[in-house]
file structure_33.cif (mmCIF, C-alpha atoms)
data_run
loop_
_atom_site.label_atom_id
_atom_site.label_comp_id
_atom_site.auth_asym_id
_atom_site.auth_seq_id
_atom_site.Cartn_x
_atom_site.Cartn_y
_atom_site.Cartn_z
CA MET Y 98 0.00 0.00 0.00
CA LEU Y 99 1.37 3.38 -0.99
CA ALA Y 100 1.58 6.11 1.59
CA CYS Y 101 0.11 9.48 0.87
CA PRO Y 102 2.85 11.90 -0.16
CA CYS Y 103 1.39 14.62 2.01
CA SER Y 104 1.36 12.26 5.02
CA ALA Y 105 4.97 11.39 4.40
CA PHE Y 106 5.77 15.10 4.28
CA ASN Y 107 3.94 15.66 7.53
CA LEU Y 108 5.81 12.83 9.20
CA ARG Y 109 9.12 14.18 8.04
CA ALA Y 110 8.19 17.62 9.20
CA THR Y 111 7.21 16.54 12.69
CA ALA Y 112 9.68 13.74 13.30
CA ALA Y 113 12.42 14.25 15.89
CA PRO Y 114 15.98 14.70 14.58
CA ALA Y 115 17.87 11.47 13.95
CA ASN Y 116 20.89 12.69 15.91
CA PRO Y 117 19.92 13.22 19.56
CA ASP Y 118 22.92 15.54 20.07
CA ILE Y 119 21.49 18.04 17.65
CA SER Y 120 18.77 20.26 19.04
CA ASP Y 121 16.66 22.93 17.46
CA PRO Y 122 18.28 26.37 17.57
CA GLU Y 123 16.79 28.71 20.12
CA PRO Y 124 14.86 31.60 18.64
CA GLU Y 125 16.84 34.82 18.58
CA PRO Y 126 15.56 37.55 20.94
CA LYS Y 127 13.45 40.14 19.25
CA VAL Y 128 14.87 43.62 19.18
CA ARG Y 129 13.42 46.94 18.26
CA LYS Y 130 14.91 48.24 15.01
CA LEU Y 131 15.12 51.87 14.07
CA LYS Y 132 16.23 53.89 11.11
CA GLY Y 133 17.66 57.35 11.51
CA SER Y 134 20.56 59.67 11.00
CA PRO Y 135 24.15 58.36 10.83
CA GLN Y 136 24.95 59.77 14.28
CA PHE Y 137 21.81 58.26 15.76
CA ASN Y 138 22.65 54.88 14.24
CA ARG Y 139 26.23 55.01 15.49
CA TRP Y 140 25.03 55.56 19.04
CA TYR Y 141 22.70 52.59 18.97
CA ARG Y 142 25.14 50.41 17.04
CA ALA Y 143 27.54 50.90 19.97
CA ARG Y 144 24.88 49.74 22.37
CA ALA Y 145 24.14 46.67 20.28
CA LEU Y 146 27.78 45.67 19.99
CA ARG Y 147 28.46 46.15 23.69
CA SER Y 148 25.46 43.97 24.55
CA GLY Y 149 26.81 41.11 22.42
CA HIS Y 150 24.15 41.14 19.69
CA LYS Y 151 24.93 40.96 16.00
CA LEU Y 152 24.00 43.90 13.83
CA GLU Y 153 21.82 43.38 10.78
CA ARG Y 154 22.90 45.34 7.74
CA PRO Y 155 21.57 45.54 4.20
CA SER Y 156 23.16 43.09 1.76
CA HIS Y 157 23.76 45.77 -0.89
CA GLY Y 158 26.54 47.37 1.12
CA THR Y 159 27.89 47.37 4.65
CA GLY Y 160 29.50 50.74 4.59
CA ALA Y 161 32.35 49.33 6.69
CA LEU Y 162 35.78 50.87 6.45
CA GLU Y 163 39.09 49.08 6.78
CA VAL Y 164 42.71 50.03 7.06
CA ASN Y 165 44.62 49.25 3.90
CA PRO Y 166 47.07 46.48 4.91
CA SER Y 167 49.74 48.04 2.74
CA ALA Y 168 49.28 51.44 4.35
CA GLN Y 169 52.54 52.93 5.52
CA ARG Y 170 53.18 55.97 7.64
CA THR Y 171 54.74 58.36 5.16
CA SER Y 172 54.99 62.12 5.40
CA GLY Y 173 52.76 62.04 8.45
CA THR Y 174 49.76 60.61 6.59
CA LEU Y 175 48.08 57.24 6.44
CA SER Y 176 46.39 55.65 3.44
CA LEU Y 177 42.84 54.53 4.25
CA GLU Y 178 40.33 52.91 1.93
CA PRO Y 179 36.59 52.45 2.47
CA THR Y 180 35.14 49.14 1.32
CA SER Y 181 31.79 50.71 0.49
CA THR Y 182 30.09 54.05 0.17
CA ALA Y 183 26.64 52.93 1.29
CA ASN Y 184 24.53 55.53 3.03
CA ASP Y 185 24.85 55.00 6.78
CA SER Y 186 21.30 56.19 7.39
CA ASP Y 187 19.91 53.08 5.65
CA ARG Y 188 21.30 50.74 8.28
CA GLU Y 189 19.12 49.05 10.84
CA VAL Y 190 20.53 49.05 14.35
CA GLU Y 191 19.57 47.36 17.57
CA VAL Y 192 18.50 49.31 20.63
CA THR Y 193 19.94 48.32 24.01
CA ASP Y 194 20.47 50.10 27.30
CA SER Y 195 24.27 50.31 27.66
CA GLY Y 196 26.04 53.68 27.94
CA LYS Y 197 27.48 55.72 25.10
CA PRO Y 198 31.24 55.18 24.81
CA ILE Y 199 33.86 57.93 24.84
CA TYR Y 200 37.37 56.95 23.74
CA MET Y 201 40.27 59.03 25.08
CA VAL Y 202 43.54 58.55 23.19
CA SER Y 203 46.90 60.02 24.19
CA ASP Y 204 50.54 59.53 23.27
CA GLY Y 205 51.43 60.40 26.89
CA THR Y 206 49.79 59.62 30.22
CA GLY Y 207 46.33 60.70 29.12
CA TRP Y 208 45.97 63.07 32.08
CA THR Y 209 44.94 66.03 29.92
CA ALA Y 210 42.35 64.08 27.93
CA GLU Y 211 40.88 62.38 30.99
CA HIS Y 212 40.52 65.57 33.02
CA SER Y 213 39.11 67.49 30.07
CA VAL Y 214 36.44 64.85 29.51
CA ASN Y 215 35.64 64.71 33.23
CA ALA Y 216 35.27 68.49 33.31
CA ALA Y 217 32.91 68.38 30.33
CA LEU Y 218 30.90 65.51 31.82
CA GLY Y 219 30.35 67.69 34.87
CA GLN Y 220 27.98 69.73 32.71
CA PHE Y 221 25.73 66.68 32.35
CA GLU Y 222 25.38 65.59 35.96
CA HIS Y 223 21.64 66.19 35.73
CA CYS Y 224 21.29 63.13 33.49
CA LEU Y 225 24.34 61.10 34.53
CA VAL Y 226 23.33 60.84 38.17
CA ASP Y 227 19.97 59.18 37.47
CA ARG Y 228 21.47 57.14 34.58
CA GLY Y 229 19.32 59.01 32.09
CA CYS Y 230 22.27 59.23 29.69
CA PRO Y 231 24.92 56.76 30.91
CA VAL Y 232 28.45 57.17 29.56
CA ASN Y 233 31.39 54.74 29.47
CA THR Y 234 34.85 56.31 29.16
CA HIS Y 235 37.87 54.34 27.91
CA LEU Y 236 41.43 55.72 28.23
CA PHE Y 237 44.19 54.61 25.81
CA SER Y 238 47.55 56.06 26.90
CA GLY Y 239 51.02 55.72 25.40
CA ILE Y 240 49.71 55.37 21.83
CA ASP Y 241 52.83 56.37 19.88
CA ASP Y 242 52.48 54.56 16.54
CA VAL Y 243 49.91 54.72 13.75
CA GLU Y 244 49.15 50.99 13.71
CA ARG Y 245 47.93 50.98 17.30
CA LEU Y 246 46.09 54.25 16.68
CA MET Y 247 44.21 52.77 13.74
CA GLU Y 248 43.21 49.69 15.72
CA ILE Y 249 41.62 51.99 18.26
CA LYS Y 250 39.90 53.94 15.50
CA LYS Y 251 38.44 50.76 14.04
CA GLN Y 252 37.11 49.74 17.42
CA ALA Y 253 35.68 53.23 17.97
CA ALA Y 254 33.92 53.01 14.62
CA LYS Y 255 32.46 49.61 15.54
CA GLU Y 256 31.15 50.88 18.86
CA GLY Y 257 30.00 54.25 17.55
CA ALA Y 258 32.21 56.01 20.11
CA LEU Y 259 33.07 59.67 20.47
CA LEU Y 260 36.85 59.96 20.20
CA VAL Y 261 38.83 62.59 22.13
CA TYR Y 262 42.58 62.74 21.62
CA THR Y 263 45.70 64.55 22.78
CA LEU Y 264 48.51 63.72 20.36
CA ALA Y 265 51.61 65.91 20.46
CA ASP Y 266 53.03 64.47 17.22
CA PRO Y 267 51.45 66.50 14.37
CA SER Y 268 51.56 63.52 11.99
CA MET Y 269 49.77 61.30 14.50
CA ALA Y 270 47.17 63.98 15.11
CA GLU Y 271 46.63 64.38 11.36
CA SER Y 272 46.24 60.61 10.93
CA ALA Y 273 43.66 60.58 13.70
CA LYS Y 274 41.80 63.48 12.12
CA GLN Y 275 41.70 61.94 8.66
CA ALA Y 276 40.67 58.49 9.94
CA CYS Y 277 37.86 59.96 12.00
CA LYS Y 278 36.66 61.99 9.04
CA LEU Y 279 36.78 59.02 6.67
CA TRP Y 280 35.11 56.57 9.05
CA GLY Y 281 32.53 59.03 10.31
CA ILE Y 282 33.78 58.98 13.91
CA PRO Y 283 32.83 62.10 15.92
CA SER Y 284 36.08 63.41 17.37
CA THR Y 285 37.71 66.32 19.21
CA ASP Y 286 41.37 67.30 19.21
CA ILE Y 287 42.04 68.83 22.63
CA LEU Y 288 45.75 69.55 22.41
CA GLY Y 289 46.17 70.64 18.78
CA PRO Y 290 44.29 73.98 18.70
CA ILE Y 291 45.84 75.36 21.89
CA THR Y 292 49.33 74.20 20.84
CA GLU Y 293 48.95 76.00 17.51
CA ALA Y 294 47.68 79.13 19.25
CA ILE Y 295 50.66 79.22 21.66
CA ALA Y 296 53.09 78.56 18.80
CA ALA Y 297 51.66 81.54 16.93
CA HIS Y 298 51.77 83.67 20.09
CA LEU Y 299 55.40 82.81 20.88
CA GLY Y 300 56.59 82.61 17.29
CA VAL Y 301 58.21 79.23 18.05
CA SER Y 302 57.40 75.81 16.61
CA PRO Y 303 56.37 73.09 19.11
CA SER Y 304 58.62 70.07 19.64
CA GLY Y 305 55.92 67.56 18.72
CA LEU Y 306 57.14 65.19 21.44
CA PRO Y 307 54.86 63.90 24.20
CA ARG Y 308 55.90 64.03 27.84
CA GLY Y 309 58.23 61.16 28.63
CA ALA Y 310 59.33 60.68 25.02
CA ALA Y 311 62.81 59.25 24.47
CA GLY Y 312 64.09 62.43 22.83
CA ARG Y 313 62.68 64.70 25.50
CA ASN Y 314 64.85 64.88 28.61
CA ILE Y 315 63.27 67.08 31.26
CA PRO Y 316 65.65 67.68 34.19
CA LEU Y 317 64.29 67.60 37.73
CA SER Y 318 63.60 71.24 38.53
CA ASP Y 319 63.62 73.13 41.82
CA GLU Y 320 59.84 73.12 41.66
CA TYR Y 321 59.82 69.31 41.67
CA PHE Y 322 61.86 69.17 44.86
CA ARG Y 323 59.72 71.89 46.43
CA ARG Y 324 56.66 69.73 45.83
CA ILE Y 325 58.34 66.72 47.44
CA GLU Y 326 59.30 68.84 50.44
CA ALA Y 327 55.76 70.24 50.67
CA VAL Y 328 54.20 66.75 50.71
CA GLU Y 329 56.59 65.57 53.43
CA PHE Y 330 55.89 68.66 55.55
CA THR Y 331 52.12 68.37 55.13
CA ILE Y 332 52.02 64.71 56.16
CA LYS Y 333 53.95 65.50 59.35
CA GLN Y 334 51.60 68.38 60.19
CA ASP Y 335 48.38 66.46 59.68
CA ASP Y 336 45.57 66.69 62.26
CA GLY Y 337 47.25 69.27 64.50
CA ALA Y 338 50.57 67.46 64.88
CA LEU Y 339 53.67 69.54 65.69
CA PRO Y 340 51.85 72.86 66.34
CA GLN Y 341 55.22 74.55 66.87
CA ASN Y 342 55.76 74.34 63.11
CA LEU Y 343 52.59 76.23 62.13
CA SER Y 344 54.65 79.34 61.37
CA LYS Y 345 56.54 77.37 58.68
CA ALA Y 346 53.35 76.49 56.82
CA GLY Y 347 52.28 78.45 53.77
CA ILE Y 348 48.60 77.61 54.31
CA VAL Y 349 46.83 76.62 57.54
CA LEU Y 350 43.42 74.93 57.44
CA THR Y 351 41.19 74.66 60.49
CA GLY Y 352 37.73 73.21 61.04
CA VAL Y 353 35.78 70.49 62.82
CA SER Y 354 36.32 66.82 62.11
CA ARG Y 355 35.38 65.53 58.60
CA THR Y 356 35.29 68.92 56.87
CA GLY Y 357 37.97 67.78 54.42
CA LYS Y 358 41.12 69.18 56.04
CA THR Y 359 43.42 66.23 55.32
CA PRO Y 360 42.49 65.55 51.66
CA LEU Y 361 42.61 69.28 50.93
CA SER Y 362 46.03 69.52 52.57
CA ILE Y 363 47.44 66.62 50.54
CA TYR Y 364 45.97 67.98 47.30
CA LEU Y 365 47.49 71.42 47.91
CA ALA Y 366 50.81 69.87 48.93
CA GLN Y 367 51.05 68.09 45.59
CA LYS Y 368 50.88 71.52 44.01
CA GLY Y 369 53.84 72.68 46.09
CA TYR Y 370 52.19 74.35 49.09
CA LYS Y 371 53.24 73.51 52.64
CA VAL Y 372 49.97 72.97 54.47
CA ALA Y 373 49.16 72.38 58.13
CA ASN Y 374 45.69 71.55 59.41
CA VAL Y 375 44.32 72.05 62.92
CA PRO Y 376 41.14 70.33 64.12
CA ILE Y 377 38.51 72.26 66.06
CA VAL Y 378 37.01 70.12 68.82
CA LYS Y 379 34.39 71.39 71.22
CA GLY Y 380 35.87 71.72 74.71
CA VAL Y 381 39.48 71.39 73.52
CA ALA Y 382 41.68 74.48 73.46
CA LEU Y 383 43.23 75.38 70.13
CA PRO Y 384 47.05 75.68 69.99
CA LYS Y 385 48.38 79.19 70.64
CA GLY Y 386 50.45 79.01 67.49
CA LEU Y 387 47.27 79.12 65.39
CA PHE Y 388 46.61 82.68 66.58
CA GLU Y 389 50.24 83.76 66.25
CA VAL Y 390 50.78 82.92 62.57
CA ASP Y 391 50.05 85.39 59.78
CA PRO Y 392 46.22 85.48 59.69
CA GLU Y 393 46.31 85.71 55.89
CA LYS Y 394 47.57 82.11 55.84
CA VAL Y 395 44.66 80.71 57.83
CA PHE Y 396 41.46 79.40 56.22
CA GLY Y 397 38.44 78.20 58.17
CA LEU Y 398 36.41 75.25 56.88
CA THR Y 399 32.74 74.63 57.60
CA ILE Y 400 30.04 72.42 56.11
CA ASN Y 401 26.32 71.81 56.02
CA PRO Y 402 25.25 69.95 59.22
CA LEU Y 403 23.27 67.31 57.34
CA VAL Y 404 26.17 66.59 55.00
CA LEU Y 405 28.58 66.44 57.93
CA GLN Y 406 26.35 64.00 59.80
CA THR Y 407 26.17 61.73 56.74
CA ILE Y 408 29.97 61.77 56.38
CA ARG Y 409 30.50 61.05 60.06
CA LYS Y 410 28.05 58.14 60.01
CA ALA Y 411 29.92 56.62 57.08
CA ARG Y 412 33.22 57.18 58.88
CA ALA Y 413 31.96 55.55 62.08
CA LYS Y 414 30.68 52.57 60.10
CA SER Y 415 34.03 52.16 58.34
CA LEU Y 416 35.72 52.03 61.76
CA GLY Y 417 33.45 49.18 62.82
CA PHE Y 418 31.00 51.08 65.01
CA GLY Y 419 27.47 49.72 64.65
CA ASP Y 420 24.25 51.70 64.80
CA ASN Y 421 23.81 50.69 68.45
CA ALA Y 422 27.19 52.01 69.52
CA ARG Y 423 26.92 54.85 72.00
CA SER Y 424 28.66 57.88 70.52
CA ASN Y 425 27.59 61.46 69.94
CA TYR Y 426 30.13 61.83 67.12
CA SER Y 427 27.49 61.60 64.38
CA GLU Y 428 24.42 62.77 66.31
CA MET Y 429 22.82 65.84 64.78
CA ALA Y 430 22.67 67.75 68.07
CA TYR Y 431 26.40 67.29 68.66
CA VAL Y 432 27.23 68.07 65.03
CA LYS Y 433 25.39 71.39 65.28
CA GLU Y 434 27.08 72.20 68.60
CA GLU Y 435 30.54 71.63 67.12
CA LEU Y 436 29.77 73.71 64.04
CA GLU Y 437 28.45 76.49 66.27
CA PHE Y 438 31.62 76.31 68.37
CA ALA Y 439 33.71 76.59 65.21
CA ARG Y 440 31.58 79.52 64.00
CA LYS Y 441 32.37 81.43 67.21
CA VAL Y 442 36.10 80.77 66.72
CA PHE Y 443 35.87 82.14 63.18
CA ALA Y 444 33.90 85.16 64.35
CA GLN Y 445 36.66 85.98 66.82
CA ASN Y 446 39.15 85.92 63.92
CA PRO Y 447 37.38 87.88 61.14
CA THR Y 448 40.47 87.93 58.90
CA TRP Y 449 40.20 84.17 58.37
CA PRO Y 450 38.17 83.41 55.25
CA VAL Y 451 35.53 80.75 55.96
CA ILE Y 452 34.94 78.30 53.11
CA VAL Y 453 32.03 75.89 52.88
CA THR Y 454 33.22 72.41 51.89
CA GLY Y 455 31.23 69.34 50.87
CA LYS Y 456 31.96 69.66 47.16
CA ALA Y 457 34.81 68.37 45.02
CA ILE Y 458 38.27 68.79 46.58
CA GLU Y 459 39.51 70.46 43.39
CA GLU Y 460 36.78 73.09 43.60
CA THR Y 461 37.44 73.91 47.26
CA ALA Y 462 41.19 74.00 46.63
CA ALA Y 463 40.69 76.40 43.72
CA VAL Y 464 38.78 78.81 45.99
CA ILE Y 465 41.52 78.64 48.64
CA LEU Y 466 44.30 79.25 46.10
CA ARG Y 467 42.49 82.19 44.52
CA LEU Y 468 42.12 83.86 47.91
CA TYR Y 469 45.69 82.94 48.89
CA HIS Y 470 47.27 84.44 45.77
CA ASP Y 471 44.97 87.45 45.81
CA ARG Y 472 46.13 88.27 49.34
CA LYS Y 473 49.76 87.55 48.60
CA GLN Y 474 50.02 89.49 45.34
CA LYS Y 475 47.47 92.20 46.17
CA CYS Y 476 45.95 91.82 42.70
CA SER Y 477 42.88 93.77 41.68
CA MET Y 478 41.64 90.64 39.91
CA PRO Y 479 41.94 87.25 41.65
CA ARG Y 480 44.37 84.96 39.81
CA ILE Y 481 46.81 82.10 40.33
CA SER Y 482 50.13 83.05 38.74
CA LYS Y 483 52.97 80.73 37.78
CA ARG Y 484 56.24 81.30 35.91
CA TYR Y 485 57.70 78.71 33.49
#
call {"tool": "encode", "arguments": {"input": "structure_33.cif", "output": "structure tokens"}}
result
Amino acid sequence: MLACPCSAFNLRATAAPANPDISDPEPEPKVRKLKGSPQFNRWYRARALRSGHKLERPSHGTGALEVNPSAQRTSGTLSLEPTSTANDSDREVEVTDSGKPIYMVSDGTGWTAEHSVNAALGQFEHCLVDRGCPVNTHLFSGIDDVERLMEIKKQAAKEGALLVYTLADPSMAESAKQACKLWGIPSTDILGPITEAIAAHLGVSPSGLPRGAAGRNIPLSDEYFRRIEAVEFTIKQDDGALPQNLSKAGIVLTGVSRTGKTPLSIYLAQKGYKVANVPIVKGVALPKGLFEVDPEKVFGLTINPLVLQTIRKARAKSLGFGDNARSNYSEMAYVKEELEFARKVFAQNPTWPVIVTGKAIEETAAVILRLYHDRKQKCSMPRISKRY
């Protein structure tokens, strides 16, 4: 008896696979696909790649760009060839929730690029804090050859990253500029414009060598040793130690516990200032030397009571004190009493500037240094001067 062809088809279609080790592939997760501008697509392509999904692209052209394997670094330029000229806006990209990447590339330590990006990101705290626009930064330092630079560019193009670079070598900077332009990578050259402006102002060509380069020997200057001496002095004078040396300090900080005296002192010391700090404790007499030093050196520190209480609670917890431990150190009533005690001390010494802390150390230090130099130089406009 002949079997019905359609029945045979149905049996074949529903039968289990002959090989038990082979299982049906799991269905791929559905993603929401959008079409938009090239910049919009780059952003979401980065999210898709970082989440591990594969991008779907039209078969008529990928628009990908590759480095020509035979490219050589000649005359400060690099030969790059696109594999397609397809319109980037036709691509379909996957939407995920990872942050937008920012690549920071430097031929030195990357300090300038990193701090510049951090300063700029400070303008977006309103959306970074609540993760409304998360950002992932990636620092690449010591990039001193074109091959490594191009590998980073290719990865930036794949992730749709913003690229920020500080490259002292003009040929490297030009290669970065041309690659970013060709591959459609949004980029910013931080060091180039200001270097060109200073060169024009001085009438001297820049060396084109990054800090620490083999051909750039920078001798240890007097300023370097002054900074080392300042750090050593500041550490010895921490938390009211050796009050007899207060007259040797360039800056004296005073305030209640956890107002940021020690971190501020260390930060200022790294800039070459000898700093001493004296704690104000309710019921404890302040050292006589504090009132004998030049009052223009002394800076009072205060803080919001609620912020201070939060900091003290965290400090007590880090020291192993539980919530049930009996201590008035972080109690609001005691915090307010200590701040009031400090306020009376400051009122009795009206020449001491009183600075509210609780913000970034760099910001508080900048305020102190502006006041310090303004008093020292008697300038009509506050400034921090330095001679090179």
call {"tool": "closest_residue", "arguments": {"input": "structure_33.cif", "among": "Y:Phe237, Y:Glu393, Y:Lys250, Y:Leu343", "to": "Gln474 in chain Y", "atoms": "only C-alpha atoms"}}
result
Y:Glu393
call {"tool": "resolve_selection", "arguments": {"input": "structure_33.cif", "expression": "the PyMOL selection byres ((chain Y and resi 373) around 10)", "output": "VMD selection string"}}
result
chain Y and resid 330 to 340 342 to 351 358 to 359 362 to 363 366 370 to 372 374 to 375 395
call {"tool": "atom_distance", "arguments": {"input": "structure_33.cif", "atom1": "CA of Glu320 in chain Y", "atom2": "CA of Lys368 in chain Y"}}
result
9.4 Å
call {"tool": "atom_distance", "arguments": {"input": "structure_33.cif", "atom1": "CA of Ile199 in chain Y", "atom2": "CA of Asn233 in chain Y"}}
result
6.1 Å
call {"tool": "atom_distance", "arguments": {"input": "structure_33.cif", "atom1": "CA of Arg409 in chain Y", "atom2": "CA of Pro450 in chain Y"}}
result
24.1 Å
call {"tool": "resolve_selection", "arguments": {"input": "structure_33.cif", "expression": "the PyMOL selection byres ((chain Y and resi 399) around 6)", "output": "number ranges by chain"}}
result
Y: 398, 400, 453
call {"tool": "write_last_selection", "arguments": {"input": "structure_33.cif", "atoms": "C-alpha atoms", "output": "short mmCIF file (atom, residue, chain, number, x, y, z; two decimals), in the coordinates of the input"}}
result
data_model
loop_
_atom_site.label_atom_id
_atom_site.label_comp_id
_atom_site.auth_asym_id
_atom_site.auth_seq_id
_atom_site.Cartn_x
_atom_site.Cartn_y
_atom_site.Cartn_z
CA LEU Y 398 36.41 75.25 56.88
CA ILE Y 400 30.04 72.42 56.11
CA VAL Y 453 32.03 75.89 52.88
#
call {"tool": "resolve_selection", "arguments": {"input": "structure_33.cif", "expression": "the PyMOL selection byres ((chain Y and resi 200) around 7)", "output": "list in words"}}
result
Pro198, Ile199, Met201, Val202, Thr234, His235, Leu236, Ala258, Leu259, Leu260 and Val261 of chain Y
call {"tool": "closest_residue", "arguments": {"input": "structure_33.cif", "among": "Y:Ala294, Y:Ala327, Y:Val243, Y:Leu299", "to": "Glu271 in chain Y", "atoms": "all atoms listed in the file"}}
result
Y:Val243
call {"tool": "residues_around", "arguments": {"input": "structure_33.cif", "residues": "Glu428 in chain Y", "least_positions_apart": "3", "cutoff": "9 Å", "atoms": "only C-alpha atoms", "output": "list in words"}}
result
Gln406, Arg409, Lys410, Ser424, Asn425, Tyr431, Val432 and Lys433 of chain Y
call {"tool": "residues_around", "arguments": {"input": "structure_33.cif", "residues": "Val232 in chain Y", "least_positions_apart": "6", "cutoff": "12 Å", "atoms": "all atoms listed in the file", "output": "list in words"}}
result
Trp140, Ala143, Arg144, Asp194, Ser195, Gly196, Lys197, Pro198, Ile199, Tyr200, Val214, Asn215, Leu218, Gly219, Phe221, Glu222, Cys224, Leu225, Val226, Ala258 and Leu259 of chain Y
call {"tool": "closest_residue", "arguments": {"input": "structure_33.cif", "among": "Y:Glu248, Y:Asp227, Y:Glu293, Y:Glu211", "to": "Gly305 in chain Y", "atoms": "all atoms listed in the file"}}
result
Y:Glu293
call {"tool": "residues_around", "arguments": {"input": "structure_33.cif", "residues": "range 437-448 of chain Y", "least_positions_apart": "6", "cutoff": "7 Å", "atoms": "all atoms listed in the file", "output": "short mmCIF file (atom, residue, chain, number, x, y, z; two decimals) with C-alpha atoms, in the coordinates of the input"}}
result
data_model
loop_
_atom_site.label_atom_id
_atom_site.label_comp_id
_atom_site.auth_asym_id
_atom_site.auth_seq_id
_atom_site.Cartn_x
_atom_site.Cartn_y
_atom_site.Cartn_z
CA GLY Y 352 37.73 73.21 61.04
CA VAL Y 353 35.78 70.49 62.82
CA ILE Y 377 38.51 72.26 66.06
CA LYS Y 379 34.39 71.39 71.22
CA PRO Y 392 46.22 85.48 59.69
CA GLU Y 393 46.31 85.71 55.89
CA GLY Y 397 38.44 78.20 58.17
#
call {"tool": "residues_around", "arguments": {"input": "structure_33.cif", "residues": "Asp241 in chain Y", "least_positions_apart": "3", "cutoff": "10 Å", "atoms": "all atoms listed in the file", "output": "PyMOL selection string"}}
result
chain Y and resi 203-205+238+244-246+264-266+269+306-307+310
call {"tool": "closest_residue", "arguments": {"input": "structure_33.cif", "among": "Y:Gly257, Y:Pro360, Y:Gly239, Y:Gly380", "to": "Pro283 in chain Y", "atoms": "all atoms listed in the file"}}
result
Y:Gly257
call {"tool": "closest_atom_pairs", "arguments": {"input": "structure_33.cif", "of": "range 301-381 of chain Y", "to": "range 459-464 of chain Y", "cutoff": "9 Å", "atoms": "all atoms listed in the file", "output": "CSV"}}
result
residue,atom,partner,partner_atom,distance
Y:Leu361,CA,Y:Ala462,CA,6.5
Y:Ser362,CA,Y:Ala462,CA,8.9
Y:Tyr364,CA,Y:Ala462,CA,7.7
Y:Leu365,CA,Y:Ala462,CA,6.9
call {"tool": "build_atoms", "arguments": {"input": "structure_33.cif", "residues": "range 202-206 of chain Y", "atoms": "all heavy atoms", "output": "short mmCIF file (atom, residue, chain, number, x, y, z; two decimals), in the frame of the given file"}}
result
data_model
loop_
_atom_site.label_atom_id
_atom_site.label_comp_id
_atom_site.auth_asym_id
_atom_site.auth_seq_id
_atom_site.Cartn_x
_atom_site.Cartn_y
_atom_site.Cartn_z
N VAL Y 202 42.28 59.07 23.73
CA VAL Y 202 43.54 58.55 23.19
C VAL Y 202 44.64 59.58 23.42
O VAL Y 202 44.46 60.77 23.14
CB VAL Y 202 43.41 58.23 21.69
CG1 VAL Y 202 44.73 57.68 21.15
CG2 VAL Y 202 42.28 57.25 21.44
N SER Y 203 45.78 59.12 23.92
CA SER Y 203 46.90 60.02 24.19
C SER Y 203 48.21 59.32 23.90
O SER Y 203 48.32 58.10 24.07
CB SER Y 203 46.87 60.48 25.65
OG SER Y 203 48.04 61.20 25.99
N ASP Y 204 49.20 60.09 23.45
CA ASP Y 204 50.54 59.53 23.27
C ASP Y 204 51.37 59.70 24.54
O ASP Y 204 52.54 59.35 24.58
CB ASP Y 204 51.26 60.15 22.08
CG ASP Y 204 51.21 61.67 22.10
OD1 ASP Y 204 50.80 62.24 23.14
OD2 ASP Y 204 51.57 62.29 21.09
N GLY Y 205 50.77 60.26 25.59
CA GLY Y 205 51.43 60.40 26.89
C GLY Y 205 50.65 59.65 27.95
O GLY Y 205 50.19 58.54 27.74
N THR Y 206 50.48 60.28 29.11
CA THR Y 206 49.79 59.62 30.22
C THR Y 206 48.27 59.64 30.07
O THR Y 206 47.57 58.84 30.68
CB THR Y 206 50.15 60.30 31.54
OG1 THR Y 206 49.70 61.68 31.51
CG2 THR Y 206 51.66 60.27 31.77
#
